[in-house]
file data-v6.cif (mmCIF, C-alpha atoms)
data_upload
#
loop_
_atom_site.group_PDB
_atom_site.id
_atom_site.type_symbol
_atom_site.label_atom_id
_atom_site.label_comp_id
_atom_site.auth_asym_id
_atom_site.auth_seq_id
_atom_site.Cartn_x
_atom_site.Cartn_y
_atom_site.Cartn_z
ATOM 1 C CA MET A 365 -4.289 13.535 -24.388
ATOM 2 C CA LYS A 366 -2.355 14.431 -21.267
ATOM 3 C CA SER A 367 -5.557 15.081 -19.342
ATOM 4 C CA PHE A 368 -6.666 11.524 -20.114
ATOM 5 C CA VAL A 369 -3.388 10.199 -18.750
ATOM 6 C CA VAL A 370 -3.877 12.101 -15.502
ATOM 7 C CA ALA A 371 -7.451 10.852 -15.209
ATOM 8 C CA GLY A 372 -6.278 7.314 -15.830
ATOM 9 C CA ILE A 373 -3.721 7.510 -13.046
ATOM 10 C CA LEU A 374 -6.267 8.811 -10.589
ATOM 11 C CA LEU A 375 -8.752 6.111 -11.517
ATOM 12 C CA ALA A 376 -6.182 3.368 -11.162
ATOM 13 C CA SER A 377 -5.168 4.671 -7.738
ATOM 14 C CA VAL A 378 -8.595 3.960 -6.271
ATOM 15 C CA ASN A 379 -8.895 0.810 -4.142
ATOM 16 C CA SER A 380 -5.291 -0.148 -4.694
ATOM 17 C CA PHE A 381 -3.885 -0.305 -1.171
ATOM 18 C CA ALA A 382 -4.902 -2.118 1.934
ATOM 19 C CA GLN A 383 -3.682 -3.182 5.313
ATOM 20 C CA SER A 384 -1.280 -5.407 7.171
ATOM 21 C CA PHE A 385 -4.205 -5.781 9.568
ATOM 22 C CA LEU A 386 -7.800 -7.005 9.569
ATOM 23 C CA ILE A 387 -10.605 -5.651 11.694
ATOM 24 C CA LEU A 388 -13.383 -8.207 12.065
ATOM 25 C CA GLN A 389 -17.064 -7.471 12.575
ATOM 26 C CA ASN A 390 -16.719 -8.143 16.309
ATOM 27 C CA GLY A 391 -13.809 -5.686 16.631
ATOM 28 C CA VAL A 392 -11.047 -8.268 16.868
ATOM 29 C CA THR A 393 -7.995 -6.833 15.118
ATOM 30 C CA LEU A 394 -5.460 -9.183 13.533
ATOM 31 C CA THR A 395 -2.066 -8.150 12.206
ATOM 32 C CA THR A 396 0.466 -9.665 9.795
ATOM 33 C CA ASP A 397 4.248 -9.434 9.758
ATOM 34 C CA LYS A 398 6.653 -9.231 6.851
ATOM 35 C CA MET A 399 7.221 -12.993 6.990
ATOM 36 C CA GLY A 400 3.537 -13.533 6.309
ATOM 37 C CA PHE A 401 2.423 -14.762 9.739
ATOM 38 C CA VAL A 402 -0.956 -13.708 11.151
ATOM 39 C CA TYR A 403 -1.324 -12.646 14.802
ATOM 40 C CA ASP A 404 -4.078 -12.032 17.328
ATOM 41 C CA PHE A 405 -2.522 -9.921 20.083
ATOM 42 C CA GLY A 406 -5.842 -9.095 21.712
ATOM 43 C CA HIS A 407 -6.403 -5.750 20.033
ATOM 44 C CA PHE A 408 -9.953 -4.484 19.638
ATOM 45 C CA HIS A 409 -11.069 -1.676 17.331
ATOM 46 C CA LEU A 410 -14.479 -0.652 16.042
ATOM 47 C CA HIS A 411 -14.274 -0.820 12.272
ATOM 48 C CA TYR A 412 -16.875 1.876 11.742
ATOM 49 C CA LYS A 413 -14.704 4.372 13.656
ATOM 50 C CA VAL A 414 -11.722 3.817 11.362
ATOM 51 C CA THR A 415 -11.793 6.658 8.859
ATOM 52 C CA THR A 416 -8.479 6.111 7.038
ATOM 53 C CA ASN A 417 -6.174 3.153 6.557
ATOM 54 C CA GLY A 418 -2.906 2.474 4.840
ATOM 55 C CA GLY A 419 -0.709 -0.582 4.718
ATOM 56 C CA ASN A 420 0.907 -0.256 8.155
ATOM 57 C CA TYR A 421 -1.352 2.278 9.860
ATOM 58 C CA PHE A 422 -4.928 3.392 10.389
ATOM 59 C CA ILE A 423 -6.718 6.384 11.887
ATOM 60 C CA GLU A 424 -9.487 5.875 14.435
ATOM 61 C CA ASP A 425 -11.204 8.883 16.021
ATOM 62 C CA LYS A 426 -8.470 11.056 14.438
ATOM 63 C CA LYS A 427 -5.772 9.094 16.332
ATOM 64 C CA LEU A 428 -2.997 7.221 14.539
ATOM 65 C CA SER A 429 -2.173 3.549 15.093
ATOM 66 C CA THR A 430 0.756 1.840 13.373
ATOM 67 C CA ILE A 431 1.851 -1.752 12.701
ATOM 68 C CA ASN A 432 5.534 -2.645 12.489
ATOM 69 C CA GLU A 433 7.265 -5.296 10.385
ATOM 70 C CA ASN A 434 6.845 -7.837 13.194
ATOM 71 C CA GLY A 435 3.080 -7.417 13.310
ATOM 72 C CA LEU A 436 3.056 -5.388 16.546
ATOM 73 C CA LEU A 437 0.406 -2.688 16.767
ATOM 74 C CA PHE A 438 1.090 0.658 18.449
ATOM 75 C CA GLU A 439 -1.569 3.191 19.379
ATOM 76 C CA LYS A 440 -0.402 6.816 19.251
ATOM 77 C CA PRO A 441 -3.060 8.862 21.047
ATOM 78 C CA ASN A 442 -0.988 12.050 20.820
ATOM 79 C CA THR A 443 -0.774 11.934 17.029
ATOM 80 C CA LYS A 444 -3.968 13.525 15.730
ATOM 81 C CA ILE A 445 -4.802 13.660 12.031
ATOM 82 C CA GLU A 446 -7.896 15.642 11.142
ATOM 83 C CA ARG A 447 -8.065 15.090 7.392
ATOM 84 C CA VAL A 448 -6.288 13.009 4.754
ATOM 85 C CA LYS A 449 -5.820 14.181 1.140
ATOM 86 C CA GLY A 450 -3.949 11.147 -0.158
ATOM 87 C CA LYS A 451 -2.378 7.967 1.146
ATOM 88 C CA GLY A 452 -0.356 4.868 0.382
ATOM 89 C CA LEU A 453 0.892 1.810 2.192
ATOM 90 C CA ASN A 454 3.371 3.612 4.464
ATOM 91 C CA TYR A 455 2.455 7.296 4.198
ATOM 92 C CA LEU A 456 -0.306 9.867 3.971
ATOM 93 C CA ILE A 457 -0.634 13.546 3.113
ATOM 94 C CA ASP A 458 -2.838 15.349 5.619
ATOM 95 C CA GLY A 459 -5.099 18.370 5.312
ATOM 96 C CA ASN A 460 -2.192 20.714 6.027
ATOM 97 C CA ASN A 461 -0.224 19.213 3.123
ATOM 98 C CA HIS A 462 2.216 17.605 5.545
ATOM 99 C CA LEU A 463 3.680 14.211 4.671
ATOM 100 C CA VAL A 464 3.294 11.639 7.454
ATOM 101 C CA VAL A 465 5.420 8.508 7.005
ATOM 102 C CA VAL A 466 5.383 5.279 9.040
ATOM 103 C CA ASP A 467 8.633 3.298 9.019
ATOM 104 C CA ALA A 468 9.188 -0.456 9.312
ATOM 105 C CA LEU A 469 9.530 -0.197 13.109
ATOM 106 C CA GLY A 470 6.171 1.525 13.479
ATOM 107 C CA PHE A 471 7.540 4.999 14.167
ATOM 108 C CA SER A 472 5.822 7.924 12.457
ATOM 109 C CA TYR A 473 7.424 11.071 11.047
ATOM 110 C CA GLU A 474 5.825 14.303 9.891
ATOM 111 C CA TYR A 475 7.436 16.417 7.157
ATOM 112 C CA ASP A 476 6.245 19.952 6.488
ATOM 113 C CA LYS A 477 9.083 21.757 4.719
ATOM 114 C CA ASP A 478 7.868 20.629 1.268
ATOM 115 C CA ASP A 479 4.192 21.298 1.894
ATOM 116 C CA LYS A 480 3.935 23.235 -1.391
ATOM 117 C CA VAL A 481 5.146 20.100 -3.196
ATOM 118 C CA PHE A 482 2.861 17.738 -1.296
ATOM 119 C CA LYS A 483 -0.079 20.006 -2.053
ATOM 120 C CA LYS A 484 0.336 19.200 -5.741
ATOM 121 C CA ALA A 485 0.394 15.410 -5.316
ATOM 122 C CA MET A 486 -1.906 13.963 -7.973
ATOM 123 C CA ALA A 487 -1.720 10.161 -7.636
ATOM 124 C CA PHE A 488 -0.750 7.814 -4.823
ATOM 125 C CA GLY A 489 0.942 4.428 -5.009
ATOM 126 C CA GLY A 490 1.945 2.129 -2.186
ATOM 127 C CA ASN A 491 5.389 3.580 -1.369
ATOM 128 C CA TYR A 492 5.494 6.412 -3.875
ATOM 129 C CA PHE A 493 3.391 9.283 -5.178
ATOM 130 C CA LEU A 494 3.278 11.559 -8.209
ATOM 131 C CA VAL A 495 3.404 15.353 -8.166
ATOM 132 C CA LYS A 496 2.463 17.798 -10.928
ATOM 133 C CA PRO A 497 4.387 20.935 -9.903
ATOM 134 C CA GLU A 498 3.153 23.214 -12.704
ATOM 135 C CA ASP A 499 -0.483 23.229 -13.805
ATOM 136 C CA ARG A 500 0.343 24.521 -17.272
ATOM 137 C CA LYS A 501 3.210 22.156 -17.990
ATOM 138 C CA PRO A 502 3.117 18.397 -18.674
ATOM 139 C CA LEU A 503 5.880 17.724 -16.124
ATOM 140 C CA VAL A 504 5.158 15.060 -13.494
ATOM 141 C CA GLU A 505 7.594 14.158 -10.718
ATOM 142 C CA LEU A 506 8.035 10.855 -8.891
ATOM 143 C CA TYR A 507 8.661 10.648 -5.140
ATOM 144 C CA THR A 508 9.389 7.367 -3.341
ATOM 145 C CA ILE A 509 9.403 6.525 0.360
ATOM 146 C CA ASN A 510 11.711 3.957 1.953
ATOM 147 C CA GLN A 511 11.178 1.707 4.956
ATOM 148 C CA LYS A 512 13.257 4.017 7.175
ATOM 149 C CA GLY A 513 10.740 6.821 6.763
ATOM 150 C CA ASN A 514 12.667 8.944 4.262
ATOM 151 C CA TYR A 515 11.324 10.347 0.985
ATOM 152 C CA PHE A 516 13.122 11.202 -2.247
ATOM 153 C CA LYS A 517 12.409 12.775 -5.623
ATOM 154 C CA LEU A 518 13.708 10.456 -8.330
ATOM 155 C CA ALA A 519 14.673 11.151 -11.925
ATOM 156 C CA ILE A 520 15.025 7.791 -13.667
ATOM 157 C CA PRO A 521 16.563 7.586 -17.158
ATOM 158 C CA GLY A 522 13.996 6.333 -19.646
ATOM 159 C CA LEU A 523 11.007 6.864 -17.336
ATOM 160 C CA ASN A 524 8.609 9.765 -17.729
ATOM 161 C CA PRO A 525 6.356 9.736 -14.633
ATOM 162 C CA ALA A 526 3.604 11.325 -16.769
ATOM 163 C CA ASP A 527 3.422 7.969 -18.592
ATOM 164 C CA ILE A 528 2.420 6.068 -15.447
ATOM 165 C CA THR A 529 -1.138 4.827 -15.925
ATOM 166 C CA VAL A 530 -1.560 2.381 -13.035
ATOM 167 C CA ALA A 531 -0.402 3.511 -9.593
ATOM 168 C CA ALA A 532 -0.953 0.770 -7.052
ATOM 169 C CA GLY A 533 1.155 -0.979 -4.372
ATOM 170 C CA SER A 534 4.944 -1.277 -4.484
ATOM 171 C CA TYR A 535 4.748 -1.283 -8.283
ATOM 172 C CA PHE A 536 3.271 0.645 -11.205
ATOM 173 C CA GLN A 537 2.692 0.338 -14.949
ATOM 174 C CA THR A 538 3.295 2.799 -17.774
ATOM 175 C CA LYS A 539 1.256 3.400 -20.911
ATOM 176 C CA ALA A 540 3.832 1.302 -22.795
ATOM 177 C CA GLY A 541 2.783 -1.647 -20.642
ATOM 178 C CA VAL A 542 6.065 -1.867 -18.713
ATOM 179 C CA THR A 543 5.783 -2.862 -15.063
ATOM 180 C CA HIS A 544 8.105 -1.200 -12.548
ATOM 181 C CA THR A 545 8.702 -2.202 -8.936
ATOM 182 C CA VAL A 546 9.654 -0.017 -5.976
ATOM 183 C CA SER A 547 11.927 -1.618 -3.385
ATOM 184 C CA LYS A 548 11.943 -1.153 0.396
ATOM 185 C CA ASP A 549 14.795 1.339 -0.087
ATOM 186 C CA GLY A 550 12.747 3.434 -2.523
ATOM 187 C CA PHE A 551 14.585 2.349 -5.672
ATOM 188 C CA VAL A 552 12.640 1.811 -8.890
ATOM 189 C CA PHE A 553 13.284 -1.113 -11.251
ATOM 190 C CA ALA A 554 11.823 -1.521 -14.740
ATOM 191 C CA LYS A 555 10.765 -5.048 -15.763
ATOM 192 C CA PRO A 556 10.400 -4.871 -19.567
ATOM 193 C CA GLU A 557 11.499 -8.504 -19.910
ATOM 194 C CA ILE A 558 8.417 -9.730 -18.005
ATOM 195 C CA ARG A 559 5.255 -9.581 -20.110
ATOM 196 C CA VAL A 560 2.599 -8.631 -17.597
ATOM 197 C CA GLY A 561 -1.017 -7.998 -18.515
ATOM 198 C CA THR A 562 -2.938 -4.995 -17.279
ATOM 199 C CA ILE A 563 -3.190 -4.951 -13.494
ATOM 200 C CA ALA A 564 -6.720 -6.037 -12.607
ATOM 201 C CA LYS A 565 -6.561 -6.530 -8.812
ATOM 202 C CA ALA A 566 -3.987 -4.745 -6.683
ATOM 203 C CA GLY A 567 -2.624 -5.682 -3.271
ATOM 204 C CA GLY A 568 0.347 -4.148 -1.531
ATOM 205 C CA ASN A 569 3.181 -6.430 -2.630
ATOM 206 C CA PHE A 570 1.245 -8.486 -5.177
ATOM 207 C CA PHE A 571 -1.292 -8.131 -7.951
ATOM 208 C CA VAL A 572 -3.427 -10.111 -10.376
ATOM 209 C CA ASP A 573 -3.193 -9.170 -14.051
ATOM 210 C CA SER A 574 -5.710 -9.367 -16.892
ATOM 211 C CA ASN A 575 -4.459 -12.887 -17.697
ATOM 212 C CA ASN A 576 -5.501 -13.991 -14.186
ATOM 213 C CA LEU A 577 -1.855 -14.478 -13.201
ATOM 214 C CA LEU A 578 -0.749 -13.666 -9.660
ATOM 215 C CA TYR A 579 2.543 -11.765 -9.383
ATOM 216 C CA THR A 580 4.426 -10.828 -6.226
ATOM 217 C CA VAL A 581 6.992 -8.109 -5.489
ATOM 218 C CA SER A 582 9.765 -8.741 -2.964
ATOM 219 C CA GLU A 583 11.240 -6.122 -0.644
ATOM 220 C CA GLU A 584 14.202 -5.931 -3.002
ATOM 221 C CA GLY A 585 11.934 -5.144 -5.951
ATOM 222 C CA ILE A 586 11.979 -8.604 -7.572
ATOM 223 C CA LEU A 587 8.867 -9.298 -9.668
ATOM 224 C CA ALA A 588 7.946 -12.980 -9.811
ATOM 225 C CA LEU A 589 5.291 -15.566 -10.609
ATOM 226 C CA PRO A 590 5.470 -17.580 -7.371
ATOM 227 C CA VAL A 591 4.431 -21.153 -6.680
ATOM 228 C CA LEU A 592 0.844 -21.017 -5.441
ATOM 229 C CA PRO A 593 -0.394 -22.919 -2.369
ATOM 230 C CA THR A 594 -2.582 -25.911 -3.189
ATOM 231 C CA ASN A 595 -5.836 -24.266 -2.085
ATOM 232 C CA LEU A 596 -5.257 -20.911 -3.725
ATOM 233 C CA ARG A 597 -7.550 -20.203 -6.667
ATOM 234 C CA VAL A 598 -6.895 -16.788 -8.137
ATOM 235 C CA ALA A 599 -10.472 -16.417 -9.370
ATOM 236 C CA SER A 600 -11.841 -16.940 -5.852
ATOM 237 C CA LEU A 601 -9.842 -14.159 -4.204
ATOM 238 C CA GLN A 602 -12.205 -11.547 -2.814
ATOM 239 C CA ARG A 603 -10.284 -9.284 -0.439
ATOM 240 C CA LEU A 604 -6.734 -8.057 -0.842
ATOM 241 C CA GLY A 605 -4.461 -6.512 1.782
ATOM 242 C CA ALA A 606 -0.961 -5.141 2.054
ATOM 243 C CA ASN A 607 0.537 -8.645 2.113
ATOM 244 C CA PHE A 608 -2.457 -10.964 2.288
ATOM 245 C CA MET A 609 -5.506 -12.105 0.370
ATOM 246 C CA ILE A 610 -8.732 -13.804 1.482
ATOM 247 C CA ASP A 611 -10.818 -16.088 -0.700
ATOM 248 C CA ALA A 612 -14.549 -16.823 -0.745
ATOM 249 C CA GLU A 613 -14.124 -19.643 1.802
ATOM 250 C CA GLY A 614 -12.385 -17.364 4.300
ATOM 251 C CA ARG A 615 -8.950 -18.849 3.721
ATOM 252 C CA ILE A 616 -6.090 -16.393 4.108
ATOM 253 C CA PHE A 617 -2.915 -16.429 2.019
ATOM 254 C CA THR A 618 0.039 -14.189 2.817
ATOM 255 C CA VAL A 619 3.005 -12.904 0.815
ATOM 256 C CA ASP A 620 6.315 -12.681 2.675
ATOM 257 C CA GLN A 621 9.163 -10.232 2.139
ATOM 258 C CA THR A 622 10.766 -12.477 -0.491
ATOM 259 C CA GLY A 623 7.575 -12.763 -2.565
ATOM 260 C CA LYS A 624 6.647 -16.314 -1.524
ATOM 261 C CA ILE A 625 2.993 -17.128 -0.827
ATOM 262 C CA PHE A 626 1.742 -19.212 2.113
ATOM 263 C CA GLU A 627 -1.647 -20.373 3.320
ATOM 264 C CA ARG A 628 -2.133 -19.442 6.983
ATOM 265 C CA SER A 629 -4.705 -20.594 9.500
ATOM 266 C CA SER A 630 -6.844 -18.575 11.884
ATOM 267 C CA THR A 631 -9.347 -19.402 14.616
ATOM 268 C CA HIS A 632 -11.510 -16.493 13.428
ATOM 269 C CA ASP A 633 -14.034 -16.425 10.609
ATOM 270 C CA LEU A 634 -12.215 -14.179 8.166
ATOM 271 C CA ARG A 635 -15.235 -13.940 5.890
ATOM 272 C CA GLY A 636 -16.385 -11.263 8.340
ATOM 273 C CA ALA A 637 -13.212 -9.219 7.932
ATOM 274 C CA ARG A 638 -13.729 -5.539 7.335
ATOM 275 C CA ILE A 639 -11.134 -4.565 4.757
ATOM 276 C CA LEU A 640 -11.396 -0.800 4.878
ATOM 277 C CA PHE A 641 -10.358 0.309 1.408
ATOM 278 C CA ASN A 642 -9.706 4.025 0.854
ATOM 279 C CA ARG A 643 -12.221 5.465 3.285
#
call {"tool": "encode", "arguments": {"input": "data-v6.cif", "output": "structure tokens"}}
result
Amino acid sequence: MKSFVVAGILLASVNSFAQSFLILQNGVTLTTDKMGFVYDFGHFHLHYKVTTNGGNYFIEDKKLSTINENGLLFEKPNTKIERVKGKGLNYLIDGNNHLVVVDALGFSYEYDKDDKVFKKAMAFGGNYFLVKPEDRKPLVELYTINQKGNYFKLAIPGLNPADITVAAGSYFQTKAGVTHTVSKDGFVFAKPEIRVGTIAKAGGNFFVDSNNLLYTVSEEGILALPVLPTNLRVASLQRLGANFMIDAEGRIFTVDQTGKIFERSSTHDLRGARILFNR
């Protein structure tokens, strides 16, 4: 039974994170900030050269670029990452089992002292990951990452990390159907009072459940059913990002740090956006 749980976590982790940026077919790169505004600062990147992306970073030609909470993009040519074993919205684990974290200001940090722990990471959420330290034991450990670039191992009363079946953005679900959120400070909050269906589509700070309801998660870990913009039709959403979603007509809707949703405008045809999921 436990092997099925592990397999379920890994399956649910696929295609569950995306960017606070969009790379269009013509190379134009747009960014979003935590208030949900969309910017064109004149950046140009070839989407087919981007090998790995998270929520506030991407890797192009083995070089790291980061996006801060204000939507500013920073290229870091001296930070080379050869291979990625796992990733989330604000972190990755590289081929040397080092943890690389990007903070809210766009700075990156590399941690190597716990490489034996990172090597055993088994599932990756937006700002957290799960570790199975002993192959022969059912124990699973939960690590969270805050916006300052720090990581912590958490032991939460009443939560067995082995029971997590859906690992996605800044939230997860357990086999009991309880949704938990993870705040910007790395704290975890259970939401048993909110009856959420199974997560069907996962963005960074929002998701759509099996009842076709759109939930958002604030920076403080508040789970809510927000008021939807007039033009937003949940069924028509096609591409999901760290804090944005694009529908079939190319309209973009963003989720701010408080969990509110806004429709934003762009002079670009966003139907040509290359949302580079888990490459």
call {"tool": "residues_near_point", "arguments": {"input": "data-v6.cif", "point": "(-6.0, 9.4, 3.0)", "cutoff": "8 Å", "atoms": "all atoms listed in the file", "output": "ChimeraX atom specification"}}
result
/A:416-418,447-452,456-458,642-643
call {"tool": "residues_around", "arguments": {"input": "data-v6.cif", "residues": "Val598 (chain A)", "least_positions_apart": "3", "cutoff": "10 Å", "atoms": "all atoms listed in the file", "output": "list in words"}}
result
Val572, Asn576, Leu577, Leu578, Leu592, Asn595, Leu601, Gln602, Met609 and Asp611 of chain A
call {"tool": "atom_distance", "arguments": {"input": "data-v6.cif", "atom1": "CA of Phe438 (chain A)", "atom2": "CA of His407 (chain A)"}}
result
10.0 Å
call {"tool": "residues_around", "arguments": {"input": "data-v6.cif", "residues": "region 533-546 of chain A", "least_positions_apart": "3", "cutoff": "7 Å", "atoms": "all atoms listed in the file", "output": "list in words"}}
result
Ser380, Phe381, Gly489, Gly490, Asn491, Asp527, Ile528, Thr529, Val530, Gly550, Phe551, Val552, Phe553, Ala554, Lys555, Pro556, Ala566, Gly567, Gly568, Asn569 and Gly585 of chain A
call {"tool": "resolve_selection", "arguments": {"input": "data-v6.cif", "expression": "the PyMOL selection byres ((chain A and resi 496) around 12)", "output": "PyMOL selection string"}}
result
chain A and resi 366-367+370+480-487+493-495+497-507+525-526
call {"tool": "closest_residue", "arguments": {"input": "data-v6.cif", "among": "A:Val402, A:Ala564, A:Val466, A:Ala606", "to": "Gln383 (chain A)", "atoms": "only C-alpha atoms"}}
result
A:Ala606
call {"tool": "resolve_selection", "arguments": {"input": "data-v6.cif", "expression": "the PyMOL selection byres ((chain A and resi 439) around 8)", "output": "ChimeraX atom specification"}}
result
/A:427-430,437-438,440-441
call {"tool": "residues_around", "arguments": {"input": "data-v6.cif", "residues": "Ile616 (chain A)", "least_positions_apart": "6", "cutoff": "7 Å", "atoms": "all atoms listed in the file", "output": "list in words"}}
result
Phe608, Met609, Ile610, Glu627, Arg628 and Ser629 of chain A
call {"tool": "resolve_selection", "arguments": {"input": "data-v6.cif", "expression": "the PyMOL selection byres ((chain A and resi 632) around 12)", "output": "list in words"}}
result
Leu386, Ile387, Leu388, Gln389, Asn390, Gly391, Val392, Thr393, Leu394, Val402, Tyr403, Asp404, Gly614, Arg615, Ile616, Arg628, Ser629, Ser630, Thr631, Asp633, Leu634, Arg635, Gly636 and Ala637 of chain A
call {"tool": "residues_around", "arguments": {"input": "data-v6.cif", "residues": "Phe401 (chain A)", "least_positions_apart": "6", "cutoff": "9 Å", "atoms": "only C-alpha atoms", "output": "PDB file with C-alpha atoms, keeping the file's coordinate frame"}}
result
ATOM      1  CA  THR A 395      -2.066  -8.150  12.206  1.00  0.00           C
ATOM      2  CA  ASN A 434       6.845  -7.837  13.194  1.00  0.00           C
ATOM      3  CA  GLY A 435       3.080  -7.417  13.310  1.00  0.00           C
ATOM      4  CA  THR A 618       0.039 -14.189   2.817  1.00  0.00           C
ATOM      5  CA  ASP A 620       6.315 -12.681   2.675  1.00  0.00           C
ATOM      6  CA  PHE A 626       1.742 -19.212   2.113  1.00  0.00           C
ATOM      7  CA  ARG A 628      -2.133 -19.442   6.983  1.00  0.00           C
TER       8      ARG A 628
END
call {"tool": "closest_residue", "arguments": {"input": "data-v6.cif", "among": "A:Lys426, A:Lys548, A:Lys444, A:His409", "to": "Ala468 (chain A)", "atoms": "all atoms listed in the file"}}
result
A:Lys548
call {"tool": "closest_residue", "arguments": {"input": "data-v6.cif", "among": "A:Ser472, A:Ser574, A:Ser600, A:Thr415", "to": "Gln511 (chain A)", "atoms": "all atoms listed in the file"}}
result
A:Ser472
call {"tool": "build_atoms", "arguments": {"input": "data-v6.cif", "residues": "region 542-549 of chain A", "atoms": "all heavy atoms", "output": "CSV table (one decimal), in the frame of the given file"}}
result
chain,number,residue,atom,x,y,z
A,542,VAL,N,4.9,-1.4,-19.5
A,542,VAL,CA,6.1,-1.9,-18.7
A,542,VAL,C,5.8,-1.8,-17.2
A,542,VAL,O,5.3,-0.7,-16.7
A,542,VAL,CB,7.3,-1.1,-19.0
A,542,VAL,CG1,8.5,-1.5,-18.2
A,542,VAL,CG2,7.7,-1.2,-20.5
A,543,THR,N,6.0,-2.8,-16.5
A,543,THR,CA,5.8,-2.9,-15.1
A,543,THR,C,7.1,-2.5,-14.4
A,543,THR,O,8.2,-2.9,-14.7
A,543,THR,CB,5.3,-4.3,-14.6
A,543,THR,OG1,4.1,-4.6,-15.3
A,543,THR,CG2,5.1,-4.3,-13.1
A,544,HIS,N,7.0,-1.6,-13.4
A,544,HIS,CA,8.1,-1.2,-12.5
A,544,HIS,C,7.8,-1.6,-11.1
A,544,HIS,O,6.7,-1.5,-10.7
A,544,HIS,CB,8.3,0.3,-12.6
A,544,HIS,CG,8.7,0.8,-14.0
A,544,HIS,ND1,7.9,0.8,-15.1
A,544,HIS,CD2,9.9,1.4,-14.4
A,544,HIS,CE1,8.5,1.3,-16.1
A,544,HIS,NE2,9.7,1.7,-15.7
A,545,THR,N,8.9,-1.9,-10.4
A,545,THR,CA,8.7,-2.2,-8.9
A,545,THR,C,9.4,-1.1,-8.1
A,545,THR,O,10.4,-0.5,-8.6
A,545,THR,CB,9.3,-3.6,-8.6
A,545,THR,OG1,10.7,-3.6,-8.9
A,545,THR,CG2,8.5,-4.7,-9.4
A,546,VAL,N,9.0,-1.0,-6.9
A,546,VAL,CA,9.7,0.0,-6.0
A,546,VAL,C,10.1,-0.8,-4.7
A,546,VAL,O,9.3,-1.4,-4.0
A,546,VAL,CB,8.7,1.1,-5.6
A,546,VAL,CG1,9.4,2.2,-4.7
A,546,VAL,CG2,8.1,1.8,-6.8
A,547,SER,N,11.4,-0.8,-4.5
A,547,SER,CA,11.9,-1.6,-3.4
A,547,SER,C,11.7,-1.0,-2.0
A,547,SER,O,11.3,0.2,-1.9
A,547,SER,CB,13.4,-1.9,-3.6
A,547,SER,OG,14.2,-0.7,-3.3
A,548,LYS,N,12.1,-1.7,-1.0
A,548,LYS,CA,11.9,-1.2,0.4
A,548,LYS,C,12.8,0.1,0.6
A,548,LYS,O,12.6,0.9,1.5
A,548,LYS,CB,12.3,-2.2,1.4
A,548,LYS,CG,13.8,-2.7,1.3
A,548,LYS,CD,14.1,-3.7,2.4
A,548,LYS,CE,15.6,-4.1,2.3
A,548,LYS,NZ,16.0,-5.1,3.3
A,549,ASP,N,13.9,0.2,-0.2
A,549,ASP,CA,14.8,1.3,-0.1
A,549,ASP,C,14.4,2.5,-1.0
A,549,ASP,O,15.1,3.5,-1.0
A,549,ASP,CB,16.2,0.9,-0.5
A,549,ASP,CG,16.8,-0.2,0.5
A,549,ASP,OD1,16.6,0.0,1.7
A,549,ASP,OD2,17.3,-1.2,0.0
